[in-house]
>>> print(open('work_32.cif').read())   # mmCIF, C-alpha atoms and all ligand atoms
data_run
loop_
_atom_site.label_atom_id
_atom_site.label_comp_id
_atom_site.auth_asym_id
_atom_site.auth_seq_id
_atom_site.Cartn_x
_atom_site.Cartn_y
_atom_site.Cartn_z
CA MET M 1 -18.61 -12.65 -9.69
CA ALA M 2 -15.37 -12.28 -7.72
CA ARG M 3 -15.22 -9.27 -5.42
CA THR M 4 -12.40 -7.06 -4.11
CA ASP M 5 -12.46 -3.96 -1.94
CA VAL M 6 -9.87 -2.15 -4.07
CA LEU M 7 -8.92 -3.04 -7.66
CA ILE M 8 -5.69 -1.47 -8.94
CA VAL M 9 -5.21 -1.13 -12.69
CA GLY M 10 -1.47 -1.56 -13.37
CA GLY M 11 1.18 -3.13 -11.16
CA GLY M 12 4.17 -0.84 -11.80
CA ALA M 13 5.86 1.22 -9.06
CA ILE M 14 2.73 3.28 -8.40
CA GLY M 15 0.20 0.43 -8.40
CA SER M 16 2.48 -1.75 -6.28
CA ALA M 17 3.17 1.06 -3.77
CA ALA M 18 -0.57 1.64 -3.46
CA ALA M 19 -1.14 -2.10 -2.93
CA LEU M 20 1.55 -2.24 -0.23
CA PHE M 21 0.25 0.74 1.74
CA LEU M 22 -3.41 -0.31 1.40
CA ARG M 23 -2.58 -3.73 2.83
CA ARG M 24 -0.66 -2.06 5.66
CA ALA M 25 -3.53 0.27 6.58
CA PRO M 26 -5.61 -0.27 9.68
CA ARG M 27 -8.68 -2.32 8.67
CA ALA M 28 -6.80 -3.20 5.49
CA PRO M 29 -9.06 -3.66 2.48
CA THR M 30 -8.73 -6.62 0.13
CA VAL M 31 -6.60 -5.58 -2.85
CA THR M 32 -6.41 -7.01 -6.38
CA VAL M 33 -3.82 -5.69 -8.83
CA ILE M 34 -4.48 -6.30 -12.53
CA GLU M 35 -1.21 -6.32 -14.51
CA PRO M 36 -1.05 -7.80 -18.01
CA ASP M 37 2.73 -8.19 -18.14
CA PRO M 38 4.63 -9.56 -15.13
CA THR M 39 7.90 -9.00 -17.06
CA TYR M 40 7.11 -5.24 -17.32
CA ALA M 41 8.67 -5.22 -20.79
CA LEU M 42 7.11 -1.89 -21.82
CA ALA M 43 6.30 -0.39 -18.42
CA SER M 44 8.02 2.89 -17.53
CA THR M 45 9.30 1.86 -14.12
CA PRO M 46 12.18 -0.44 -15.19
CA ARG M 47 13.22 2.06 -17.90
CA ALA M 48 13.67 5.01 -15.54
CA THR M 49 16.96 6.76 -14.78
CA GLY M 50 16.36 6.26 -11.07
CA GLY M 51 16.94 9.86 -10.00
CA VAL M 52 15.58 10.99 -6.62
CA ARG M 53 15.60 14.71 -5.85
CA ARG M 54 14.08 17.37 -3.69
CA LEU M 55 14.86 20.18 -6.13
CA PHE M 56 11.27 21.11 -6.97
CA SER M 57 9.25 24.33 -6.84
CA CYS M 58 5.93 22.90 -5.61
CA PRO M 59 6.05 22.18 -1.86
CA GLU M 60 4.02 19.00 -2.44
CA ASN M 61 6.73 17.59 -4.71
CA ILE M 62 9.48 18.43 -2.22
CA ARG M 63 7.53 16.82 0.60
CA MET M 64 6.70 13.73 -1.45
CA SER M 65 10.41 13.29 -2.19
CA GLN M 66 11.21 13.67 1.52
CA ALA M 67 8.57 11.08 2.47
CA SER M 68 9.75 8.67 -0.23
CA MET M 69 13.39 9.12 0.77
CA ALA M 70 12.48 8.26 4.35
CA PHE M 71 10.95 5.04 2.96
CA PHE M 72 14.02 4.37 0.78
CA ASP M 73 16.31 4.96 3.80
CA ARG M 74 14.69 1.96 5.46
CA PHE M 75 13.96 0.11 2.21
CA ALA M 76 15.29 -3.30 3.25
CA GLU M 77 13.24 -3.24 6.42
CA GLN M 78 10.13 -1.89 4.64
CA VAL M 79 10.02 -4.53 1.90
CA ALA M 80 11.76 -7.54 3.45
CA VAL M 81 9.99 -10.84 2.85
CA ALA M 82 11.31 -13.79 4.86
CA GLY M 83 14.27 -11.62 5.83
CA GLU M 84 15.27 -10.84 2.21
CA ALA M 85 15.04 -7.60 0.24
CA PRO M 86 16.46 -6.48 -3.10
CA ASP M 87 19.48 -4.17 -3.00
CA LEU M 88 18.14 -0.66 -3.60
CA GLY M 89 21.46 0.43 -5.10
CA TRP M 90 21.12 3.85 -3.47
CA LYS M 91 23.88 6.29 -4.42
CA ALA M 92 23.80 9.63 -2.59
CA GLY M 93 25.74 11.31 -5.40
CA GLY M 94 23.80 14.57 -5.14
CA TYR M 95 21.87 16.61 -7.72
CA LEU M 96 23.13 19.69 -9.51
CA PHE M 97 20.90 22.07 -11.51
CA VAL M 98 22.92 24.56 -13.55
CA VAL M 99 21.38 27.66 -15.16
CA ASP M 100 22.20 30.94 -16.86
CA GLU M 101 21.11 34.42 -15.78
CA ARG M 102 17.56 34.01 -17.19
CA ALA M 103 16.68 31.21 -14.76
CA ALA M 104 18.91 32.19 -11.84
CA PRO M 105 16.17 34.09 -9.91
CA ILE M 106 13.82 31.07 -10.11
CA LEU M 107 16.57 28.68 -9.07
CA GLU M 108 17.37 30.91 -6.10
CA ARG M 109 13.70 31.23 -5.08
CA ASN M 110 13.25 27.46 -5.30
CA ALA M 111 16.38 26.89 -3.20
CA ARG M 112 15.04 29.19 -0.45
CA LEU M 113 11.78 27.24 -0.39
CA GLN M 114 13.61 23.89 -0.34
CA GLN M 115 15.83 25.11 2.50
CA SER M 116 12.78 26.31 4.44
CA LEU M 117 11.44 22.76 4.20
CA GLY M 118 14.66 21.34 5.62
CA VAL M 119 16.50 20.37 2.43
CA GLU M 120 20.26 20.90 2.33
CA VAL M 121 20.72 22.97 -0.86
CA HIS M 122 23.77 25.07 -1.68
CA LEU M 123 23.76 27.82 -4.27
CA LEU M 124 27.06 27.92 -6.17
CA ASP M 125 28.15 30.85 -8.29
CA ARG M 126 30.20 30.32 -11.43
CA ALA M 127 33.54 30.39 -9.61
CA ALA M 128 32.45 27.94 -6.92
CA LEU M 129 30.91 25.66 -9.54
CA GLY M 130 34.07 25.65 -11.66
CA ALA M 131 36.22 24.95 -8.62
CA ARG M 132 34.05 22.03 -7.53
CA TYR M 133 33.57 20.54 -11.02
CA PRO M 134 36.63 21.41 -13.14
CA SER M 135 35.46 19.19 -16.02
CA MET M 136 32.35 21.34 -16.53
CA ARG M 137 32.08 24.25 -18.92
CA THR M 138 30.79 27.14 -16.81
CA ASP M 139 31.40 30.32 -18.82
CA ASP M 140 27.76 30.38 -19.97
CA LEU M 141 26.39 29.61 -16.48
CA THR M 142 25.39 31.96 -13.68
CA LEU M 143 24.19 29.80 -10.83
CA ALA M 144 23.84 26.21 -9.68
CA ALA M 145 21.77 24.51 -6.99
CA TRP M 146 23.51 21.53 -5.41
CA SER M 147 21.71 19.13 -3.08
CA PRO M 148 24.29 16.65 -1.82
CA GLY M 149 21.78 14.33 -0.14
CA ASP M 150 19.82 13.57 -3.34
CA GLY M 151 20.87 10.71 -5.58
CA TRP M 152 19.71 7.73 -7.58
CA LEU M 153 18.69 4.12 -7.16
CA ASP M 154 17.87 0.96 -9.07
CA PRO M 155 14.29 1.17 -10.46
CA ASN M 156 14.04 -2.63 -10.76
CA ALA M 157 14.82 -3.03 -7.06
CA VAL M 158 12.07 -0.55 -6.17
CA LEU M 159 9.52 -2.39 -8.31
CA THR M 160 10.54 -5.88 -7.16
CA GLY M 161 10.62 -4.86 -3.50
CA LEU M 162 7.23 -3.10 -3.56
CA ARG M 163 5.53 -5.87 -5.51
CA ARG M 164 6.86 -8.77 -3.44
CA LYS M 165 6.00 -7.01 -0.20
CA ALA M 166 2.49 -6.14 -1.40
CA GLN M 167 1.95 -9.79 -2.30
CA ASP M 168 3.37 -10.92 1.02
CA LEU M 169 0.88 -8.63 2.78
CA GLY M 170 -1.97 -10.26 0.88
CA ALA M 171 -2.45 -8.25 -2.33
CA ALA M 172 -3.45 -10.53 -5.23
CA TYR M 173 -1.75 -9.90 -8.60
CA VAL M 174 -3.80 -11.12 -11.56
CA ARG M 175 -2.22 -11.43 -14.99
CA ASP M 176 -4.90 -9.81 -17.15
CA ARG M 177 -5.83 -6.49 -18.71
CA VAL M 178 -8.68 -4.17 -17.74
CA VAL M 179 -10.86 -3.54 -20.80
CA GLY M 180 -14.01 -2.04 -19.31
CA ILE M 181 -15.33 -0.41 -16.15
CA ALA M 182 -19.04 -0.20 -15.39
CA ARG M 183 -20.39 3.08 -14.00
CA ASP M 184 -23.56 3.34 -11.99
CA GLY M 185 -24.54 6.89 -11.11
CA ALA M 186 -21.56 8.56 -9.43
CA ARG M 187 -19.76 5.27 -8.71
CA VAL M 188 -17.87 2.60 -10.60
CA GLY M 189 -18.58 -1.06 -10.01
CA ALA M 190 -17.67 -4.14 -12.01
CA VAL M 191 -14.39 -4.22 -13.90
CA ARG M 192 -14.18 -6.30 -17.07
CA LEU M 193 -10.93 -8.06 -17.99
CA ALA M 194 -9.57 -9.14 -21.38
CA SER M 195 -10.00 -12.79 -20.34
CA GLY M 196 -13.74 -12.21 -20.06
CA ARG M 197 -13.74 -12.31 -16.25
CA GLU M 198 -15.50 -9.64 -14.26
CA ILE M 199 -14.54 -8.44 -10.79
CA ALA M 200 -16.80 -6.32 -8.58
CA ALA M 201 -14.73 -3.57 -6.96
CA GLY M 202 -15.49 -1.28 -4.02
CA ALA M 203 -12.96 1.21 -5.40
CA VAL M 204 -10.76 1.34 -8.50
CA VAL M 205 -7.28 2.91 -8.74
CA ASN M 206 -5.98 3.86 -12.17
CA ALA M 207 -2.21 3.34 -11.94
CA ALA M 208 -1.75 2.52 -15.61
CA GLY M 209 1.03 5.08 -16.16
CA ALA M 210 1.37 6.07 -19.83
CA TRP M 211 -1.80 4.08 -20.54
CA SER M 212 -3.85 5.85 -17.85
CA ALA M 213 -5.85 8.10 -20.20
CA ASP M 214 -7.14 4.98 -21.99
CA VAL M 215 -8.34 3.58 -18.66
CA CYS M 216 -10.05 6.88 -17.76
CA ALA M 217 -11.73 6.89 -21.19
CA MET M 218 -13.47 3.62 -20.17
CA ILE M 219 -15.69 5.71 -17.87
CA GLY M 220 -15.78 8.80 -20.07
CA MET M 221 -13.25 10.74 -17.95
CA ALA M 222 -10.88 12.96 -19.93
CA LEU M 223 -7.34 12.78 -18.57
CA PRO M 224 -4.77 15.17 -20.08
CA VAL M 225 -2.00 12.56 -19.91
CA SER M 226 -0.19 11.31 -23.01
CA PRO M 227 2.50 8.71 -23.65
CA MET M 228 5.71 10.60 -24.51
CA ARG M 229 8.77 8.69 -25.70
CA ARG M 230 12.06 9.50 -24.00
CA PHE M 231 15.51 8.02 -24.75
CA GLU M 232 18.21 7.01 -22.30
CA HIS M 233 21.83 6.42 -23.40
CA TYR M 234 24.76 4.75 -21.66
CA VAL M 235 28.19 6.10 -22.61
CA GLU M 236 31.79 5.62 -21.55
CA ILE M 237 34.78 7.92 -21.92
CA ALA M 238 38.50 7.13 -21.85
CA GLY M 239 39.70 9.20 -18.90
CA THR M 240 38.51 9.62 -15.35
CA LEU M 241 36.66 12.73 -14.17
CA GLU M 242 36.05 14.04 -10.68
CA PRO M 243 33.01 12.36 -9.05
CA LEU M 244 29.96 13.94 -10.70
CA PRO M 245 26.47 14.31 -9.24
CA LEU M 246 23.30 13.98 -11.33
CA ILE M 247 23.54 17.09 -13.50
CA LYS M 248 20.66 18.85 -15.24
CA ASP M 249 21.00 21.95 -17.40
CA LEU M 250 18.61 24.25 -19.23
CA ASP M 251 18.87 22.18 -22.44
CA ARG M 252 17.10 19.47 -20.36
CA LEU M 253 20.31 17.45 -20.51
CA VAL M 254 20.56 14.90 -17.69
CA LEU M 255 23.74 13.01 -16.80
CA ARG M 256 24.69 10.79 -13.92
CA PRO M 257 27.49 8.30 -13.24
CA GLU M 258 26.57 4.65 -13.81
CA GLY M 259 29.10 1.89 -13.26
CA ARG M 260 32.20 2.58 -15.39
CA GLY M 261 30.36 5.19 -17.44
CA TYR M 262 27.43 7.58 -17.48
CA SER M 263 23.70 7.41 -18.05
CA VAL M 264 22.55 10.35 -20.21
CA GLY M 265 19.23 11.69 -21.47
CA LEU M 266 17.80 14.81 -23.02
CA VAL M 267 14.04 15.20 -22.83
CA ASP M 268 12.39 16.43 -26.02
CA GLY M 269 9.09 17.97 -24.94
CA SER M 270 8.02 18.33 -28.58
CA GLU M 271 8.26 14.56 -29.16
CA GLN M 272 5.22 13.25 -31.02
CA ARG M 273 2.87 11.61 -28.50
CA GLY M 274 1.98 7.93 -28.79
CA TYR M 275 2.99 4.39 -27.86
CA ARG M 276 6.35 4.55 -29.62
CA PHE M 277 9.17 2.36 -28.36
CA ASP M 278 11.57 2.30 -31.30
CA VAL M 279 14.88 4.08 -30.74
CA ASP M 280 15.80 6.89 -33.11
CA HIS M 281 19.54 6.20 -33.40
CA THR M 282 20.12 9.63 -34.95
CA TYR M 283 18.89 11.39 -31.78
CA PHE M 284 22.07 10.89 -29.75
CA PRO M 285 24.54 12.23 -32.37
CA ARG M 286 22.12 14.96 -33.48
CA VAL M 287 20.88 16.28 -30.15
CA VAL M 288 22.37 14.70 -27.05
CA TRP M 289 26.06 14.49 -27.90
CA PRO M 290 26.46 18.18 -28.86
CA ALA M 291 24.74 19.27 -25.64
CA LEU M 292 26.83 16.85 -23.60
CA ALA M 293 30.15 17.83 -25.19
CA HIS M 294 29.22 21.49 -24.72
CA ARG M 295 28.63 21.07 -20.99
CA LEU M 296 31.44 18.56 -20.35
CA PRO M 297 34.13 18.79 -23.06
CA ALA M 298 35.62 15.44 -21.98
CA PHE M 299 32.62 13.84 -23.72
CA GLU M 300 33.74 15.05 -27.15
CA ALA M 301 35.24 11.56 -27.46
CA LEU M 302 33.01 8.83 -26.10
CA ARG M 303 31.67 5.37 -26.76
CA LEU M 304 27.89 4.99 -26.93
CA LYS M 305 27.42 1.50 -25.47
CA SER M 306 23.63 1.19 -25.35
CA GLU M 307 20.40 3.17 -25.64
CA TRP M 308 16.77 2.47 -25.00
CA SER M 309 13.41 4.22 -24.95
CA GLY M 310 10.61 4.46 -22.42
CA LEU M 311 7.38 6.38 -21.98
CA TYR M 312 6.70 9.37 -19.75
CA ASP M 313 3.08 9.66 -18.60
CA GLU M 314 3.18 13.32 -19.53
CA ASN M 315 0.59 15.62 -17.98
CA GLU M 316 -0.09 18.08 -20.78
CA LEU M 317 -1.82 20.53 -18.41
CA ASP M 318 1.04 21.30 -16.02
CA GLY M 319 3.63 18.50 -15.79
CA ASN M 320 2.47 17.45 -12.33
CA MET M 321 0.79 14.27 -11.18
CA ILE M 322 -2.99 13.97 -10.95
CA LEU M 323 -4.06 12.20 -7.78
CA GLY M 324 -7.57 11.52 -6.53
CA ASN M 325 -11.09 10.74 -7.63
CA TRP M 326 -13.54 12.31 -10.11
CA PRO M 327 -15.74 14.37 -7.78
CA GLY M 328 -19.44 13.99 -8.42
CA ARG M 329 -18.94 11.66 -11.37
CA ALA M 330 -16.96 8.65 -10.12
CA GLU M 331 -16.44 9.07 -6.40
CA ASN M 332 -14.72 5.70 -5.91
CA PHE M 333 -12.46 5.87 -8.99
CA TYR M 334 -8.99 7.20 -8.17
CA VAL M 335 -6.34 8.33 -10.64
CA ALA M 336 -2.61 8.27 -9.85
CA ALA M 337 -0.94 9.31 -13.10
CA GLY M 338 0.64 12.14 -15.07
CA PHE M 339 3.96 11.90 -13.23
CA SER M 340 5.84 13.44 -16.18
CA GLY M 341 9.18 11.89 -15.22
CA HIS M 342 8.92 11.93 -11.39
CA GLY M 343 6.84 8.86 -10.63
CA LEU M 344 9.51 6.49 -9.45
CA MET M 345 10.91 8.81 -6.79
CA HIS M 346 7.41 9.67 -5.56
CA ALA M 347 5.95 6.14 -5.59
CA PRO M 348 6.12 5.43 -1.83
CA ALA M 349 4.57 8.81 -0.91
CA VAL M 350 1.85 8.36 -3.52
CA GLY M 351 1.10 4.84 -2.28
CA GLN M 352 0.72 6.08 1.27
CA ALA M 353 -1.44 9.05 0.22
CA LEU M 354 -3.75 6.82 -1.82
CA ALA M 355 -4.15 4.40 1.08
CA GLU M 356 -5.10 7.28 3.41
CA LEU M 357 -7.57 8.67 0.90
CA ILE M 358 -9.24 5.36 0.07
CA VAL M 359 -9.37 3.88 3.58
CA GLY M 360 -9.89 7.04 5.66
CA GLY M 361 -11.42 9.42 3.13
CA ARG M 362 -8.77 12.13 3.58
CA TYR M 363 -5.04 12.83 3.50
CA VAL M 364 -3.25 12.45 6.83
CA SER M 365 0.54 12.59 6.35
CA LEU M 366 0.71 15.00 3.37
CA ASP M 367 -2.00 17.24 1.99
CA LEU M 368 -1.91 16.61 -1.76
CA SER M 369 -5.33 18.08 -2.53
CA ARG M 370 -3.88 20.77 -4.84
CA LEU M 371 -2.84 17.95 -7.13
CA ASP M 372 -6.30 16.45 -7.53
CA TYR M 373 -8.50 16.23 -10.62
CA ARG M 374 -10.44 19.40 -9.78
CA ARG M 375 -7.70 21.53 -11.33
CA VAL M 376 -8.19 19.60 -14.58
CA MET M 377 -11.95 20.20 -14.44
CA ALA M 378 -11.29 23.91 -13.81
CA GLY M 379 -8.54 24.10 -16.48
CA ALA M 380 -6.29 25.64 -13.81
CA PRO M 381 -2.71 24.38 -14.09
CA TYR M 382 -0.52 23.97 -11.01
CA ARG M 383 2.88 24.08 -12.62
CA GLU M 384 6.14 22.66 -11.42
CA GLN M 385 8.92 25.18 -12.06
CA GLY M 386 11.86 23.13 -10.90
CA ILE M 387 13.74 24.68 -13.87
CA VAL M 388 14.58 21.51 -15.81
C1 LIG G 1 13.65 7.13 -19.71
C2 LIG G 1 12.91 7.45 -18.44
C3 LIG G 1 13.59 8.00 -17.37
C4 LIG G 1 12.92 8.28 -16.17
N1 LIG G 1 13.63 8.75 -15.11
C5 LIG G 1 13.03 8.93 -13.92
C6 LIG G 1 13.77 9.34 -12.78
O1 LIG G 1 14.97 9.54 -12.87
N2 LIG G 1 13.11 9.48 -11.60
C7 LIG G 1 11.76 9.26 -11.49
O2 LIG G 1 11.22 9.42 -10.38
N3 LIG G 1 11.03 8.88 -12.55
C8 LIG G 1 11.63 8.71 -13.76
N4 LIG G 1 10.89 8.34 -14.85
C9 LIG G 1 9.43 8.24 -14.70
C10 LIG G 1 9.03 6.94 -14.04
O3 LIG G 1 9.56 5.86 -14.76
C11 LIG G 1 7.50 6.85 -14.01
O4 LIG G 1 6.92 8.05 -13.54
C12 LIG G 1 7.04 5.72 -13.09
O5 LIG G 1 7.76 4.54 -13.36
C13 LIG G 1 5.57 5.49 -13.29
O6 LIG G 1 5.19 4.29 -12.64
P1 LIG G 1 3.77 3.68 -12.97
O7 LIG G 1 3.59 2.51 -12.08
O8 LIG G 1 2.75 4.76 -12.97
O9 LIG G 1 3.89 3.24 -14.52
P2 LIG G 1 4.39 1.88 -15.18
O10 LIG G 1 5.64 1.39 -14.58
O11 LIG G 1 4.40 2.11 -16.67
O12 LIG G 1 3.26 0.85 -14.80
C14 LIG G 1 1.98 0.94 -15.40
C15 LIG G 1 1.49 -0.47 -15.62
O13 LIG G 1 0.12 -0.42 -16.07
C16 LIG G 1 -0.09 -1.54 -16.87
N5 LIG G 1 -1.31 -1.33 -17.67
C17 LIG G 1 -1.50 -0.53 -18.73
N6 LIG G 1 -2.75 -0.64 -19.20
C18 LIG G 1 -3.39 -1.52 -18.39
C19 LIG G 1 -4.71 -2.05 -18.39
N7 LIG G 1 -5.65 -1.68 -19.28
N8 LIG G 1 -5.02 -2.97 -17.44
C20 LIG G 1 -4.11 -3.36 -16.51
N9 LIG G 1 -2.84 -2.87 -16.48
C21 LIG G 1 -2.50 -1.96 -17.42
C22 LIG G 1 1.18 -1.66 -17.70
O14 LIG G 1 1.36 -2.99 -18.17
C23 LIG G 1 2.25 -1.21 -16.70
O15 LIG G 1 2.95 -2.31 -16.14
C24 LIG G 1 11.52 8.05 -16.07
C25 LIG G 1 10.83 7.51 -17.15
C26 LIG G 1 11.51 7.22 -18.33
C27 LIG G 1 10.73 6.63 -19.48
#
>>> encode(input="work_32.cif", output="structure tokens", more="lines below")
Ligand SMILES: Cc1cc2nc3c(=O)[nH]c(=O)nc-3n(C[C@H](O)[C@H](O)[C@H](O)COP(=O)(O)OP(=O)(O)OC[C@H]3O[C@@H](n4cnc5c(N)ncnc54)[C@H](O)[C@@H]3O)c2cc1C
Amino acid sequence: MARTDVLIVGGGAIGSAAALFLRRAPRAPTVTVIEPDPTYALASTPRATGGVRRLFSCPENIRMSQASMAFFDRFAEQVAVAGEAPDLGWKAGGYLFVVDERAAPILERNARLQQSLGVEVHLLDRAALGARYPSMRTDDLTLAAWSPGDGWLDPNAVLTGLRRKAQDLGAAYVRDRVVGIARDGARVGAVRLASGREIAAGAVVNAAGAWSADVCAMIGMALPVSPMRRFEHYVEIAGTLEPLPLIKDLDRLVLRPEGRGYSVGLVDGSEQRGYRFDVDHTYFPRVVWPALAHRLPAFEALRLKSEWSGLYDENELDGNMILGNWPGRAENFYVAAGFSGHGLMHAPAVGQALAELIVGGRYVSLDLSRLDYRRVMAGAPYREQGIV
């Protein structure tokens, strides 16, 4: 039977970041990534909006964004293979959360925390907001948090760069699907693949994104993560507006500039869970367009050019990632899932944290222990209250 020190289930942004950082670790373990689809046709990573922000309420999320942004700042250098790296497409367009009086105190509290951690965040009252963004309807708003250094990037570049670099550093990518994991006492061992092959693994990382609960079920571990469909729409309007940041409002409307137009989404948390990829073409005119035209009246007339769907790996417990092993039951089986819409921006930090945990047995650069599986076992949510 073939053997690997670390077997990673899923080669998206998270699995590839883990592979890269594991291979970079001192006394680097051998790494095998099992990924059934090298085109990533249904994976979440290439379908993401690409937003990168530090506007969170949990310090861990803020710090993970800071660590990942430091990686993205030096992306070309970090992932270059034979002197070449994909263009990250980084746009420091800023983030803007806008809220009414109900959420203003939380937005203000979050901003103070973000500032205390070194993030440049400005609180704008209605007048300042209207002056800065004249195309925005502000009469129903009380406060905004604006972080000019946040922005967005190209998800495909992140995935390609991480994967190529991981391979260059010696990680093996195998085109196959994990269908079974053997458990022996409090450890996992051989991993069975759809092809019939078996690989003995010293440790297993579950980075299967929206499919991660199915992988956990292979060892009887209950993971409160479900696939949740989410639509993205690309629209263009006739005129030209002032440069807009990535805007989020309390309707969970998200908008950011993209090329000649705008990329828009509106998360529906009540969406029926499941592996659903079809696009409901009534959703944009029914739900998104009214919210968009309300916030930015210039979008009353627009052209919807394209729309697609993708899956969130939604953590039903608290909307935060679950990172770490199953204490006492599967000590060498690590989960990195439940990102609930933040996984792309946090991938480098998660990859580094996993490498520290697996190789050294503890976190070094960032303490992420509050996000481990013990809170699931205890039924104790650790909620992100980043407003939207
Ligand atoms: C519309 C949309 C917008 C988003 N916007 C943002 C954003 O702006 N910013 C942000 O940070 N995040 C965003 N996200 C979330 C982000 O895309 C995810 O959190 C992130 O891509 C998760 O990466 P991953 O590697 O865990 O998952 P994936 O990219 O889905 O990779 C998981 C891989 O596991 C593989 N797999 C599944 N089952 C098995 C198995 N049994 N054996 C082997 N392999 C298996 C799959 O083939 C897949 O390639 C968005 C998501 C969507 C859908």
>>> residues_near_ligand(input="work_32.cif", ligand="ligand LIG 1 (chain G)", cutoff="7 Å", atoms="only C-alpha atoms and all ligand atoms", output="MDAnalysis selection string")
chainID M and resid 9:15 34:37 40 42:52 176:179 207:212 215 229:232 309:313 337 339:346
>>> closest_residue(input="work_32.cif", among="M:Tyr95, M:Tyr133, M:Tyr173, M:Phe56", to="Leu107 (chain M)", atoms="all atoms listed in the file")
M:Phe56
>>> residues_around(input="work_32.cif", residues="Ala82 (chain M)", least_positions_apart="3", cutoff="12 Å", atoms="all atoms listed in the file", output="MDAnalysis selection string")
chainID M and resid 76:79 85:86 164:165 168:169
>>> residues_around(input="work_32.cif", residues="region 186-195 of chain M", least_positions_apart="2", cutoff="7 Å", atoms="only C-alpha atoms", output="list in words")
Asp176, Arg177, Val178, Val179, Gly180, Ile181, Ala182, Arg183, Asp184, Arg197, Glu198, Ile199, Ala200, Ala201, Gly202, Gly328, Arg329, Ala330, Glu331, Asn332 and Phe333 of chain M
>>> residues_near_point(input="work_32.cif", point="(21.7, 20.0, 1.4)", cutoff="6 Å", atoms="only C-alpha atoms", output="PyMOL selection string")
chain M and resi 119-121+147-149
>>> residues_near_point(input="work_32.cif", point="(4.2, 21.7, 2.3)", cutoff="12 Å", atoms="only C-alpha atoms", output="ChimeraX atom specification")
/M:56-67,113-114,116-118,365-370
>>> closest_residue(input="work_32.cif", among="M:Ile358, M:Met218, M:Ile322, M:Ala349", to="Tyr382 (chain M)", atoms="only C-alpha atoms")
M:Ile322
>>> closest_residue(input="work_32.cif", among="M:Leu244, M:Val335, M:Ala145, M:Leu304", to="His281 (chain M)", atoms="all atoms listed in the file")
M:Leu304
>>> closest_residue(input="work_32.cif", among="M:Leu255, M:Val174, M:Val33, M:Leu354", to="Glu236 (chain M)", atoms="only C-alpha atoms")
M:Leu255
>>> residues_around(input="work_32.cif", residues="Ala19 (chain M)", least_positions_apart="5", cutoff="7 Å", atoms="all atoms listed in the file", output="list in words")
Val31, Ala166 and Ala171 of chain M
>>> closest_residue(input="work_32.cif", among="M:Asn325, M:Ser263, M:Gln272, M:Thr39", to="Asn206 (chain M)", atoms="only C-alpha atoms")
M:Asn325
>>> atom_distance(input="work_32.cif", atom1="CA of Ser16 (chain M)", atom2="CA of Gly259 (chain M)")
27.8 Å
